[in-house]
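Take a look at the structure set out below.
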Amino acid sequence: MGEPRNEPFEAVYVELDWYDGPRAGLADVDGVPHYFRAVHDYTRPNEPDDEYLVWPVGQQALSWEREQWDIFVRWNARYESGIADTDSHPGHGGVDTRYDELTTLLESHRAPPDGARRLRAEWRPLESPDRYSAGGPSYTVRWRLTH
């Protein structure tokens, strides 16, 4: 297991997948925005569940991700207030034209490239009344080396 880093917890900008914890999204790694994707996929139970592939996100993709995140956050606020139902979730396709356009634009950016780094994540919740906000989900992350 990697040595804990003395780095502070860093911002998480976007949550793309959640299952028993963050599975994919965008977060700072050493102060630079990166994609992260969990290595453990629950079909291989012997893999550590805190290891992630991380790779830098370009400025254009970061802008698109944050735009799509904002669409989701606005939907989620309506959903949590009882105004919207799960059928209106923009990720279903055909619900929000711009969300769909962004999904297409982002598809190639969300795949880990050869050479993606493998790091372990330590997640820390933020004290926030909202699970999701325009600034990101309600947790931060600290990264450490895997070996």
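Letters for chains follow the order of the structure tokens (A, B, ...), residue numbers begin at 1 for each chain, and ligand numbers begin at 1 in the order shown.
By chain and then residue number, the residues within 10 Å of Val57 (chain A) are Leu26, Ala27, Asp28, Val32, Pro33, His34, Tyr35, Phe36, Val54, Gln60, Ala61, Leu62, Ser63, Glu65, His109 and Arg110 of chain A, counting only C-alpha atoms and disregarding those fewer than 3 positions away in sequence.
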With N, CA and C atoms retained, could you export that selection as a PDB file, in the first residue's frame?
```pdb
ATOM      1  N   LEU A  26     -14.539  13.761 -11.920  1.00  0.00           N
ATOM      2  CA  LEU A  26     -13.428  14.689 -12.117  1.00  0.00           C
ATOM      3  C   LEU A  26     -13.049  15.284 -10.773  1.00  0.00           C
ATOM      4  N   ALA A  27     -11.739  15.299 -10.508  1.00  0.00           N
ATOM      5  CA  ALA A  27     -11.222  15.844  -9.255  1.00  0.00           C
ATOM      6  C   ALA A  27      -9.809  16.346  -9.486  1.00  0.00           C
ATOM      7  N   ASP A  28      -9.373  17.210  -8.600  1.00  0.00           N
ATOM      8  CA  ASP A  28      -7.990  17.648  -8.665  1.00  0.00           C
ATOM      9  C   ASP A  28      -7.063  16.518  -8.214  1.00  0.00           C
ATOM     10  N   VAL A  32      -4.503  19.860 -10.166  1.00  0.00           N
ATOM     11  CA  VAL A  32      -4.815  19.889 -11.596  1.00  0.00           C
ATOM     12  C   VAL A  32      -6.018  18.982 -11.849  1.00  0.00           C
ATOM     13  N   PRO A  33      -7.049  19.457 -12.555  1.00  0.00           N
ATOM     14  CA  PRO A  33      -8.227  18.623 -12.808  1.00  0.00           C
ATOM     15  C   PRO A  33      -7.890  17.360 -13.620  1.00  0.00           C
ATOM     16  N   HIS A  34      -8.393  16.232 -13.121  1.00  0.00           N
ATOM     17  CA  HIS A  34      -8.208  14.926 -13.744  1.00  0.00           C
ATOM     18  C   HIS A  34      -9.532  14.169 -13.729  1.00  0.00           C
ATOM     19  N   TYR A  35      -9.685  13.294 -14.710  1.00  0.00           N
ATOM     20  CA  TYR A  35     -10.725  12.271 -14.619  1.00  0.00           C
ATOM     21  C   TYR A  35     -10.243  11.215 -13.641  1.00  0.00           C
ATOM     22  N   PHE A  36     -11.185  10.536 -12.998  1.00  0.00           N
ATOM     23  CA  PHE A  36     -10.849   9.332 -12.220  1.00  0.00           C
ATOM     24  C   PHE A  36     -11.886   8.263 -12.515  1.00  0.00           C
ATOM     25  N   VAL A  54      -6.338   7.613 -13.094  1.00  0.00           N
ATOM     26  CA  VAL A  54      -6.515   9.064 -13.205  1.00  0.00           C
ATOM     27  C   VAL A  54      -5.741   9.570 -14.410  1.00  0.00           C
ATOM     28  N   GLN A  60     -11.232  22.222 -22.561  1.00  0.00           N
ATOM     29  CA  GLN A  60     -12.528  22.152 -23.241  1.00  0.00           C
ATOM     30  C   GLN A  60     -13.410  21.071 -22.620  1.00  0.00           C
ATOM     31  N   ALA A  61     -12.836  19.893 -22.378  1.00  0.00           N
ATOM     32  CA  ALA A  61     -13.617  18.817 -21.760  1.00  0.00           C
ATOM     33  C   ALA A  61     -14.054  19.204 -20.354  1.00  0.00           C
ATOM     34  N   LEU A  62     -13.188  19.879 -19.604  1.00  0.00           N
ATOM     35  CA  LEU A  62     -13.561  20.330 -18.259  1.00  0.00           C
ATOM     36  C   LEU A  62     -14.747  21.282 -18.327  1.00  0.00           C
ATOM     37  N   SER A  63     -14.725  22.189 -19.272  1.00  0.00           N
ATOM     38  CA  SER A  63     -15.833  23.128 -19.444  1.00  0.00           C
ATOM     39  C   SER A  63     -17.123  22.390 -19.779  1.00  0.00           C
ATOM     40  N   GLU A  65     -17.813  19.219 -19.123  1.00  0.00           N
ATOM     41  CA  GLU A  65     -18.214  18.412 -17.961  1.00  0.00           C
ATOM     42  C   GLU A  65     -18.941  19.270 -16.937  1.00  0.00           C
ATOM     43  N   HIS A 109     -13.347  11.472 -24.169  1.00  0.00           N
ATOM     44  CA  HIS A 109     -12.529  12.006 -23.079  1.00  0.00           C
ATOM     45  C   HIS A 109     -12.640  11.162 -21.813  1.00  0.00           C
ATOM     46  N   ARG A 110     -13.752  10.458 -21.653  1.00  0.00           N
ATOM     47  CA  ARG A 110     -14.026   9.721 -20.420  1.00  0.00           C
ATOM     48  C   ARG A 110     -13.385   8.337 -20.374  1.00  0.00           C
TER      49      ARG A 110
END
```
Filtered DSSP result for chain A, state strand (DSSP E), as a count of residues only: 48
- request: Skip region 66-69 of chain A itself and residues of its chain fewer than 6 positions away, then list as a list in words all residues within 7 Å of it, counting only C-alpha atoms.
  value: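 Those residues are Val14, Tyr99 and Leu102 of chain A.
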- request: Can you work out which one of A:Thr86, A:Gly94, A:Ser133, A:Leu126 has the shortest atom-to-atom distance to Arg74 (chain A), counting only C-alpha atoms?
  value: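 Once distances to Arg74 (chain A) are computed over only C-alpha atoms, the minimum belongs to A:Ser133.
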field: Which of A:Trp64, A:Asn76, A:Gly135, A:Glu7 sits closest to Thr104 (chain A) [using only C-alpha atoms]
entry: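 Residue with the minimum atom-to-atom distance to Thr104 (chain A): A:Trp64.
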task: Write out as a ChimeraX atom specification which residues come within 9 Å of Trp75 (chain A) when counting only C-alpha atoms, dropping same-chain ones fewer than 4 positions away.
output: /A:70-71,79-80,84,88-90
With C-alpha atoms kept, could you save the residues just selected as a tab-separated table (two decimals), in the first residue's frame?
```
chain	number	residue	atom	x	y	z
A	70	ASP	CA	-24.88	21.99	-13.89
A	71	ILE	CA	-27.75	20.50	-15.92
A	79	TYR	CA	-36.11	15.88	-8.06
A	80	GLU	CA	-35.31	16.30	-4.36
A	84	ALA	CA	-39.31	16.08	-11.05
A	88	SER	CA	-37.03	13.20	-16.33
A	89	HIS	CA	-33.36	12.54	-15.44
A	90	PRO	CA	-31.29	14.11	-18.24
```
Please list as a PDB file with N, CA and C atoms, in the first residue's frame every residue within 12 Å of Arg117 (chain A), counting only C-alpha atoms and excluding residues in the same chain fewer than 4 positions away.
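Writing done, so here's selection06.pdb:
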```pdb
ATOM      1  N   VAL A  29      -5.933  16.415  -8.900  1.00  0.00           N
ATOM      2  CA  VAL A  29      -4.807  15.581  -8.495  1.00  0.00           C
ATOM      3  C   VAL A  29      -3.615  16.525  -8.503  1.00  0.00           C
ATOM      4  N   HIS A  34      -8.393  16.232 -13.121  1.00  0.00           N
ATOM      5  CA  HIS A  34      -8.208  14.926 -13.744  1.00  0.00           C
ATOM      6  C   HIS A  34      -9.532  14.169 -13.729  1.00  0.00           C
ATOM      7  N   TYR A  35      -9.685  13.294 -14.710  1.00  0.00           N
ATOM      8  CA  TYR A  35     -10.725  12.271 -14.619  1.00  0.00           C
ATOM      9  C   TYR A  35     -10.243  11.215 -13.641  1.00  0.00           C
ATOM     10  N   PHE A  36     -11.185  10.536 -12.998  1.00  0.00           N
ATOM     11  CA  PHE A  36     -10.849   9.332 -12.220  1.00  0.00           C
ATOM     12  C   PHE A  36     -11.886   8.263 -12.515  1.00  0.00           C
ATOM     13  N   ARG A  37     -11.441   7.028 -12.545  1.00  0.00           N
ATOM     14  CA  ARG A  37     -12.330   5.889 -12.764  1.00  0.00           C
ATOM     15  C   ARG A  37     -11.844   4.740 -11.889  1.00  0.00           C
ATOM     16  N   ALA A  38     -12.749   4.147 -11.123  1.00  0.00           N
ATOM     17  CA  ALA A  38     -12.391   3.045 -10.238  1.00  0.00           C
ATOM     18  C   ALA A  38     -11.874   1.852 -11.039  1.00  0.00           C
ATOM     19  N   VAL A  39     -10.848   1.219 -10.503  1.00  0.00           N
ATOM     20  CA  VAL A  39     -10.300   0.018 -11.125  1.00  0.00           C
ATOM     21  C   VAL A  39     -11.184  -1.176 -10.785  1.00  0.00           C
ATOM     22  N   GLU A  51      -8.604   1.860  -5.506  1.00  0.00           N
ATOM     23  CA  GLU A  51      -7.677   2.205  -6.581  1.00  0.00           C
ATOM     24  C   GLU A  51      -8.426   2.769  -7.782  1.00  0.00           C
ATOM     25  N   TYR A  52      -7.827   3.809  -8.354  1.00  0.00           N
ATOM     26  CA  TYR A  52      -8.445   4.526  -9.466  1.00  0.00           C
ATOM     27  C   TYR A  52      -7.408   4.798 -10.549  1.00  0.00           C
ATOM     28  N   LEU A  53      -7.857   4.782 -11.789  1.00  0.00           N
ATOM     29  CA  LEU A  53      -7.063   5.306 -12.883  1.00  0.00           C
ATOM     30  C   LEU A  53      -7.365   6.796 -12.947  1.00  0.00           C
ATOM     31  N   VAL A  54      -6.338   7.613 -13.094  1.00  0.00           N
ATOM     32  CA  VAL A  54      -6.515   9.064 -13.205  1.00  0.00           C
ATOM     33  C   VAL A  54      -5.741   9.570 -14.410  1.00  0.00           C
ATOM     34  N   TRP A  55      -6.334  10.549 -15.096  1.00  0.00           N
ATOM     35  CA  TRP A  55      -5.680  11.159 -16.258  1.00  0.00           C
ATOM     36  C   TRP A  55      -6.173  12.592 -16.394  1.00  0.00           C
ATOM     37  N   PRO A  56      -5.295  13.473 -16.892  1.00  0.00           N
ATOM     38  CA  PRO A  56      -5.657  14.892 -16.988  1.00  0.00           C
ATOM     39  C   PRO A  56      -6.841  15.120 -17.919  1.00  0.00           C
ATOM     40  N   PRO A 112     -10.198   5.956 -20.083  1.00  0.00           N
ATOM     41  CA  PRO A 112      -8.810   6.097 -19.627  1.00  0.00           C
ATOM     42  C   PRO A 112      -7.825   5.811 -20.763  1.00  0.00           C
ATOM     43  N   PRO A 113      -6.886   6.708 -20.992  1.00  0.00           N
ATOM     44  CA  PRO A 113      -5.894   6.483 -22.041  1.00  0.00           C
ATOM     45  C   PRO A 113      -4.799   5.538 -21.556  1.00  0.00           C
ATOM     46  N   TRP A 143      -5.176  11.783  -2.657  1.00  0.00           N
ATOM     47  CA  TRP A 143      -4.609  10.691  -3.449  1.00  0.00           C
ATOM     48  C   TRP A 143      -3.288  10.225  -2.852  1.00  0.00           C
ATOM     49  N   ARG A 144      -3.005   8.934  -3.036  1.00  0.00           N
ATOM     50  CA  ARG A 144      -1.702   8.381  -2.634  1.00  0.00           C
ATOM     51  C   ARG A 144      -1.272   7.354  -3.671  1.00  0.00           C
ATOM     52  N   LEU A 145       0.004   7.078  -3.696  1.00  0.00           N
ATOM     53  CA  LEU A 145       0.552   6.112  -4.638  1.00  0.00           C
ATOM     54  C   LEU A 145       0.076   4.708  -4.282  1.00  0.00           C
ATOM     55  N   THR A 146       0.002   3.832  -5.275  1.00  0.00           N
ATOM     56  CA  THR A 146      -0.482   2.467  -5.051  1.00  0.00           C
ATOM     57  C   THR A 146       0.613   1.524  -4.592  1.00  0.00           C
ATOM     58  N   HIS A 147       1.877   1.879  -4.736  1.00  0.00           N
ATOM     59  CA  HIS A 147       2.942   0.963  -4.297  1.00  0.00           C
ATOM     60  C   HIS A 147       4.020   1.673  -3.532  1.00  0.00           C
TER      61      HIS A 147
END
```
- prompt: Which of these, A:Pro129, A:Ile83, A:Leu119, A:Leu105, has the shortest distance to Val141 (chain A) once you count only C-alpha atoms?
  reply: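 Among the listed residues, the smallest separation from Val141 (chain A) belongs to A:Leu119.
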message: Using Å and a single decimal, report how far CA of Ala111 (chain A) sits from CA of Ala24 (chain A).
response: 10.6 Å
